[in-house]
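For reference, structure_39.csv (CSV, C-alpha atoms):
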```csv
chain,number,residue,atom,x,y,z
B,1,GLU,CA,-66.9,52.8,83.5
B,2,ASN,CA,-63.3,52.1,84.2
B,3,SER,CA,-62.3,55.5,85.6
B,4,PRO,CA,-60.0,55.4,88.7
B,5,ALA,CA,-62.4,57.8,90.6
B,6,PRO,CA,-63.6,56.4,93.9
B,7,LEU,CA,-66.9,54.5,93.6
B,8,PRO,CA,-69.0,53.3,96.5
B,9,GLU,CA,-68.4,49.6,95.7
B,10,ARG,CA,-64.6,50.2,95.6
B,11,ALA,CA,-64.7,51.8,99.0
B,12,ILE,CA,-66.5,48.7,100.4
B,13,TYR,CA,-64.1,46.3,98.7
B,14,GLY,CA,-61.2,48.2,100.0
B,15,PHE,CA,-62.4,48.3,103.6
B,16,ALA,CA,-63.3,44.6,103.5
B,17,LEU,CA,-59.7,43.8,102.3
B,18,PHE,CA,-58.3,46.1,104.9
B,19,LEU,CA,-60.1,44.4,107.8
B,20,GLY,CA,-59.4,41.0,106.3
B,21,SER,CA,-55.7,41.6,106.0
B,22,TRP,CA,-55.5,42.9,109.6
B,23,PHE,CA,-57.4,39.8,110.8
B,24,GLY,CA,-55.1,37.5,108.8
B,25,PHE,CA,-52.0,39.3,110.2
B,26,ILE,CA,-53.2,39.0,113.9
B,27,LEU,CA,-54.1,35.4,113.3
B,28,TYR,CA,-50.6,34.7,111.9
B,29,LEU,CA,-49.0,36.4,115.0
B,30,ILE,CA,-51.2,34.4,117.4
B,31,TRP,CA,-50.3,31.1,115.6
B,32,ALA,CA,-46.5,31.9,115.5
B,33,TYR,CA,-46.0,33.3,119.1
B,34,ILE,CA,-48.5,31.6,121.4
B,35,PRO,CA,-47.0,28.3,122.8
B,36,GLU,CA,-48.6,25.1,121.6
B,37,THR,CA,-49.7,24.0,125.1
B,38,TRP,CA,-51.7,27.2,125.5
B,39,LEU,CA,-53.4,26.6,122.1
B,40,PHE,CA,-54.1,22.9,123.1
B,41,SER,CA,-55.7,24.1,126.3
B,42,LEU,CA,-58.0,26.3,124.3
B,43,GLY,CA,-59.0,23.3,122.2
B,44,LEU,CA,-57.2,24.3,119.0
B,45,THR,CA,-55.2,21.1,118.4
B,46,TYR,CA,-55.2,20.8,114.6
B,47,TRP,CA,-53.4,23.9,113.5
B,48,PRO,CA,-50.3,23.5,111.3
B,49,GLN,CA,-46.8,23.1,112.7
B,50,LYS,CA,-45.1,26.3,113.8
B,51,TYR,CA,-42.2,25.3,111.5
B,52,TRP,CA,-44.3,26.7,108.7
B,53,ALA,CA,-44.6,30.1,110.4
B,54,VAL,CA,-41.0,30.6,109.5
B,55,ALA,CA,-40.7,28.5,106.4
B,56,LEU,CA,-43.5,30.1,104.4
B,57,PRO,CA,-42.1,33.6,104.5
B,58,VAL,CA,-38.7,32.3,103.6
B,59,TYR,CA,-40.1,30.4,100.6
B,60,LEU,CA,-41.9,33.6,99.6
B,61,LEU,CA,-38.8,35.8,99.7
B,62,VAL,CA,-36.7,33.2,97.9
B,63,ALA,CA,-39.4,32.9,95.2
B,64,VAL,CA,-39.4,36.7,94.8
B,65,GLY,CA,-35.6,36.7,94.4
B,66,ILE,CA,-35.8,33.9,91.8
B,67,GLY,CA,-38.6,35.7,90.1
B,68,TYR,CA,-36.2,38.6,89.3
B,69,ILE,CA,-33.7,36.3,87.7
B,70,LEU,CA,-36.4,34.2,86.0
B,71,LEU,CA,-38.0,37.3,84.4
B,72,PHE,CA,-34.6,38.4,83.1
B,73,GLY,CA,-34.0,35.0,81.7
B,74,ILE,CA,-37.4,34.8,80.0
B,75,ASN,CA,-36.8,38.2,78.4
B,76,MET,CA,-33.4,37.0,77.1
B,77,MET,CA,-34.9,33.8,75.7
B,78,SER,CA,-37.8,35.6,73.9
B,79,THR,CA,-35.4,38.0,72.2
B,80,ALA,CA,-35.2,37.1,68.5
B,81,PRO,CA,-31.7,35.8,67.5
B,82,LEU,CA,-29.8,37.8,65.0
B,83,ASN,CA,-30.6,35.3,62.1
B,84,SER,CA,-34.4,35.3,62.5
B,85,THR,CA,-36.7,37.0,60.0
B,86,HIS,CA,-38.6,38.6,62.9
B,87,THR,CA,-35.9,41.3,63.2
B,88,ILE,CA,-36.8,42.7,59.8
B,89,THR,CA,-39.6,45.2,60.3
B,90,GLY,CA,-39.4,47.4,57.2
B,91,ASN,CA,-40.9,46.6,53.8
B,92,PHE,CA,-38.6,45.1,51.3
L,1,MET,CA,-5.8,47.2,44.3
L,2,ALA,CA,-6.2,46.9,48.1
L,3,GLU,CA,-6.8,49.5,50.7
L,4,GLU,CA,-6.9,49.0,54.5
L,5,ARG,CA,-8.7,51.2,57.0
L,6,ARG,CA,-8.9,50.9,60.8
L,7,PHE,CA,-12.1,50.9,62.7
L,8,LEU,CA,-13.5,49.9,66.1
L,9,SER,CA,-15.6,46.9,66.9
L,10,ALA,CA,-18.8,47.2,68.9
L,11,SER,CA,-16.9,46.3,72.1
L,12,GLY,CA,-14.1,48.8,71.4
L,13,ALA,CA,-11.4,46.4,70.0
L,14,PRO,CA,-9.4,47.7,67.0
L,15,ILE,CA,-10.3,46.0,63.7
L,16,ALA,CA,-9.1,46.6,60.1
L,17,LEU,CA,-11.2,46.5,56.9
L,18,ARG,CA,-9.4,45.6,53.7
L,19,ARG,CA,-11.1,46.2,50.4
L,20,GLN,CA,-9.9,44.6,47.2
L,21,GLN,CA,-11.3,45.1,43.8
L,22,HIS,CA,-10.6,42.1,41.6
L,23,SER,CA,-12.6,43.2,38.6
L,24,ALA,CA,-15.5,45.4,37.7
L,25,SER,CA,-18.0,43.0,39.2
L,26,CYS,CA,-15.9,41.2,41.9
L,27,ARG,CA,-15.0,42.7,45.2
L,28,GLU,CA,-13.5,41.2,48.4
L,29,LEU,CA,-14.0,42.8,51.8
L,30,ALA,CA,-12.1,41.3,54.7
L,31,VAL,CA,-12.4,42.4,58.4
L,32,ARG,CA,-9.5,41.4,60.5
L,33,GLY,CA,-9.8,41.3,64.3
L,34,PRO,CA,-7.1,41.7,66.9
L,35,ARG,CA,-4.8,38.7,67.3
L,36,LEU,CA,-4.6,36.7,70.6
L,37,GLN,CA,-2.8,39.0,73.1
L,38,LEU,CA,0.1,37.6,75.1
L,39,ARG,CA,-1.2,39.4,78.2
L,40,SER,CA,-4.6,37.7,78.2
L,41,LEU,CA,-3.0,34.4,77.4
L,42,SER,CA,-0.6,34.8,80.4
L,43,ALA,CA,-3.4,36.0,82.6
L,44,ALA,CA,-5.6,33.0,81.9
L,45,THR,CA,-2.7,30.5,82.2
L,46,SER,CA,-1.6,32.0,85.5
L,47,ALA,CA,-5.1,32.0,86.9
L,48,VAL,CA,-5.6,28.3,86.1
L,49,TRP,CA,-2.2,27.3,87.4
L,50,LEU,CA,-2.6,29.4,90.7
L,51,ALA,CA,-6.0,27.7,91.2
L,52,ALA,CA,-4.5,24.3,90.6
L,53,TYR,CA,-1.6,25.1,93.0
L,54,GLY,CA,-4.2,26.2,95.6
L,55,LEU,CA,-6.0,22.9,95.2
L,56,PHE,CA,-2.7,21.0,95.4
L,57,ALA,CA,-1.9,22.8,98.7
L,58,LEU,CA,-5.3,21.7,100.1
L,59,SER,CA,-5.4,18.2,98.8
L,60,GLU,CA,-1.7,17.1,98.6
L,61,ASN,CA,-2.5,15.3,95.4
L,62,SER,CA,0.0,16.0,92.7
L,63,MET,CA,-2.3,14.8,89.9
L,64,VAL,CA,-4.0,18.2,90.2
L,65,LEU,CA,-0.9,20.0,88.8
L,66,SER,CA,-0.6,17.7,85.8
L,67,ALA,CA,-4.3,18.0,85.2
L,68,ALA,CA,-4.0,21.8,85.2
L,69,ILE,CA,-1.2,21.7,82.6
L,70,PHE,CA,-3.2,19.3,80.5
L,71,ILE,CA,-6.3,21.4,80.7
L,72,THR,CA,-4.4,24.6,79.8
L,73,LEU,CA,-2.9,23.0,76.7
L,74,ILE,CA,-6.1,21.4,75.5
L,75,GLY,CA,-8.2,24.5,76.3
L,76,LEU,CA,-5.8,26.7,74.3
L,77,ILE,CA,-5.9,24.4,71.3
L,78,ILE,CA,-9.7,24.2,71.4
L,79,TYR,CA,-10.0,28.0,71.7
L,80,LEU,CA,-7.7,28.6,68.8
L,81,HIS,CA,-9.3,26.1,66.6
L,82,PHE,CA,-13.0,26.6,67.3
L,83,VAL,CA,-13.5,30.0,69.0
L,84,LYS,CA,-11.0,32.6,68.0
L,85,ILE,CA,-11.8,34.0,64.6
L,86,ASP,CA,-9.0,36.1,63.1
L,87,GLN,CA,-10.5,37.3,59.8
L,88,GLU,CA,-14.0,37.3,58.3
L,89,SER,CA,-14.2,38.0,54.6
L,90,LEU,CA,-16.9,38.6,52.0
L,91,LEU,CA,-16.3,37.9,48.3
L,92,VAL,CA,-19.1,39.4,46.2
L,93,ILE,CA,-19.0,38.2,42.6
L,94,GLY,CA,-21.8,39.9,40.6
L,95,SER,CA,-24.0,37.4,38.7
L,96,LEU,CA,-22.4,34.4,40.5
L,97,GLY,CA,-22.9,34.8,44.2
L,98,ILE,CA,-21.5,35.8,47.6
L,99,GLN,CA,-18.9,33.8,49.5
L,100,VAL,CA,-18.5,34.2,53.3
L,101,THR,CA,-15.2,32.9,54.8
L,102,SER,CA,-14.2,32.8,58.5
L,103,SER,CA,-10.5,32.1,59.3
L,104,TYR,CA,-9.8,30.8,62.7
L,105,ALA,CA,-6.5,31.4,64.6
L,106,SER,CA,-5.4,27.8,64.1
L,107,GLY,CA,-5.6,28.3,60.3
L,108,LYS,CA,-8.9,26.6,59.8
L,109,GLU,CA,-11.2,28.3,57.3
L,110,SER,CA,-14.9,27.7,57.1
L,111,THR,CA,-16.7,28.9,53.9
L,112,THR,CA,-20.3,29.4,52.9
L,113,PHE,CA,-21.4,30.2,49.3
L,114,ILE,CA,-24.7,31.7,48.5
L,115,GLU,CA,-25.7,31.9,44.8
L,116,MET,CA,-27.0,35.2,43.4
L,117,GLY,CA,-30.4,33.8,42.7
L,118,GLN,CA,-31.0,33.3,46.4
L,119,VAL,CA,-29.7,36.7,47.4
L,120,LYS,CA,-32.5,39.3,47.8
L,121,ASP,CA,-30.5,42.1,49.3
L,122,VAL,CA,-27.6,43.0,51.6
L,123,VAL,CA,-28.8,45.3,54.4
L,124,ILE,CA,-27.7,46.9,57.6
L,125,ASN,CA,-30.1,45.6,60.3
L,126,GLU,CA,-30.4,46.7,63.9
L,127,ALA,CA,-31.4,44.2,66.6
L,128,ILE,CA,-31.2,43.6,70.3
L,129,HIS,CA,-28.2,41.4,71.2
L,130,MET,CA,-27.2,40.8,74.9
L,131,GLN,CA,-28.7,43.9,76.5
L,132,LYS,CA,-27.4,46.1,73.6
L,133,VAL,CA,-28.8,47.3,70.3
L,134,ILE,CA,-26.3,46.6,67.6
L,135,TYR,CA,-26.0,47.3,63.9
L,136,TYR,CA,-25.0,44.3,61.8
L,137,LEU,CA,-24.7,43.6,58.1
L,138,CYS,CA,-26.9,40.7,56.9
L,139,ILE,CA,-27.8,39.0,53.6
L,140,LEU,CA,-31.5,38.6,53.0
L,141,LEU,CA,-32.2,35.3,51.2
L,142,GLN,CA,-35.3,34.7,49.0
L,143,ASP,CA,-37.0,31.6,47.8
L,144,PRO,CA,-36.6,31.4,44.0
L,145,GLU,CA,-40.3,30.7,43.7
L,146,ASP,CA,-41.4,33.5,46.0
L,147,PRO,CA,-39.3,36.7,45.3
L,148,GLN,CA,-41.5,38.8,47.5
L,149,GLY,CA,-40.7,37.3,50.9
L,150,VAL,CA,-37.5,36.9,52.9
L,151,SER,CA,-36.8,33.2,53.6
L,152,GLU,CA,-33.7,33.5,55.7
L,153,VAL,CA,-31.4,36.1,57.2
L,154,VAL,CA,-27.6,35.4,57.2
L,155,PRO,CA,-25.8,37.8,59.6
L,156,LEU,CA,-22.2,38.7,58.6
L,157,PHE,CA,-19.1,39.6,60.6
L,158,GLN,CA,-20.5,38.0,63.8
L,159,SER,CA,-17.3,37.7,65.7
L,160,SER,CA,-15.7,41.0,64.8
L,161,LYS,CA,-18.9,43.0,65.1
L,162,PRO,CA,-17.9,46.2,63.3
L,163,ARG,CA,-19.5,49.5,64.2
L,164,LEU,CA,-21.8,51.5,61.8
L,165,ASP,CA,-19.0,53.4,60.1
L,166,CYS,CA,-17.3,50.2,58.9
L,167,LEU,CA,-20.6,48.6,58.0
L,168,ILE,CA,-21.5,51.6,55.8
L,169,GLU,CA,-18.3,51.2,53.9
L,170,VAL,CA,-19.0,47.4,53.3
L,171,TYR,CA,-22.6,48.1,52.5
L,172,LYS,CA,-21.7,50.7,49.8
L,173,SER,CA,-19.2,48.3,48.3
L,174,CYS,CA,-21.7,45.5,48.1
L,175,GLN,CA,-24.5,47.6,46.8
L,176,GLU,CA,-22.3,48.8,43.9
L,177,ILE,CA,-22.0,45.2,42.7
L,178,LEU,CA,-25.6,44.2,43.5
L,179,GLU,CA,-27.0,47.1,41.6
L,180,GLN,CA,-25.4,45.7,38.4
L,181,ARG,CA,-27.7,42.7,38.3
L,182,LYS,CA,-30.8,44.9,38.1
L,183,THR,CA,-29.7,46.6,34.9
L,184,PRO,CA,-29.9,44.2,32.0
L,185,PRO,CA,-26.4,43.4,30.5
L,186,GLN,CA,-25.6,45.9,27.7
L,187,SER,CA,-24.2,44.2,24.6
L,188,SER,CA,-20.9,46.0,23.7
```
Do you think you could lay out the structure here as structure tokens?
Amino acid sequence: ENSPAPLPERAIYGFALFLGSWFGFILYLIWAYIPETWLFSLGLTYWPQKYWAVALPVYLLVAVGIGYILLFGINMMSTAPLNSTHTITGNF
Amino acid sequence: MAEERRFLSASGAPIALRRQQHSASCRELAVRGPRLQLRSLSAATSAVWLAAYGLFALSENSMVLSAAIFITLIGLIIYLHFVKIDQESLLVIGSLGIQVTSSYASGKESTTFIEMGQVKDVVINEAIHMQKVIYYLCILLQDPEDPQGVSEVVPLFQSSKPRLDCLIEVYKSCQEILEQRKTPPQSS
């Protein structure tokens, strides 16, 4: 039951994710661009500081960049050293 | 009798293999790497002194220049004594053991002896090392109580890293001696 063919449930999940991501994106744009005074006049006073609208994407991109280097480093650390018995794979 | 042949290391540097047969069951194989080149020494010294002169021009503190001279001298001594290995040699004495010697550029020699009871085999293994797959010669050690398993792996010629053609020569020489211990001694 794990074939990649489209199932009715998958179509519904996909469409719900599509609508949800568009909603999230429009919400992010509203939060980032509409001035604070306008938001206050609408009654939305407890939203996070607009500083985070710039900071979170920067954190995310830096994390992705570090992730490249981290993965490379983890690979190098897990490689068996030349004097370990794990390098011997034949039968002796 | 000794014979010397030229090969290349894994990084392309020229190395020389010298084989000496001391007796029917004793062989010495020595791999000699390239000596410290004058051009790399001058390049490193000039780089350090130029950087120190640049710092001196910025900070007007003459201690930077003396510190640079000091650092260069101490760094060279440390490099020659602890890092630069000139020759690695393998002395295989059938029925006694294997002796591995590394000679540094400052004249220091560090020796390891492995007795024949602990030696299971000498093999050419291939492993991943620094984003490359290299062949290297290694001694497989066995526990005297458990002759079936490999207790430890001792890699040989770590600093000169010969290529497969040189390793095959060393391997064949070692195996000729190691085979003698399997056949029981003939009384003659």
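The shortest atom-to-atom distance to L:Val170, with only C-alpha atoms taken into account, belongs to L:Leu17 out of L:Gln118, L:Leu17, L:Leu141, L:Glu88.
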Quick one: which residues from chain L are at most 12 Å off chain B, using all atoms listed in the file, as number ranges by chain?
L: 120-142, 147-158
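Excluding L:Val83 and any residue on its chain fewer than 3 positions from it, the residues at most 10 Å away by all atoms listed in the file are Leu76, Ile77, Ile78, Tyr79, Leu80, Asp86, Tyr104, Ala105, Ser106 and Ser159 of chain L.
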For the atom pair atom CA of B:Val54 and atom CA of B:Phe25, what is the interatomic distance in Å to one decimal place?
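Separation between atom CA of B:Val54 and atom CA of B:Phe25: 14.0 Å.
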Contact residues around B:Tyr51 with all atoms listed in the file at 12 Å, ignoring same-chain residues under 3 positions, as a list in words
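Skipping anything fewer than 3 positions along the chain leaves Trp31, Ala32, Tyr33, Glu36, Trp47, Pro48, Val54, Ala55, Leu56, Pro57 and Val58 of chain B.
In this model, the gap between atom CA of L:Pro34 and atom CA of L:Phe82 comes to 16.2 Å.
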Have a look at B:Met77, B:Val62, B:Ala53, B:Leu70 and name the one nearest to B:Leu27; count only C-alpha atoms.
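Closest residue, counting only C-alpha atoms: B:Ala53.
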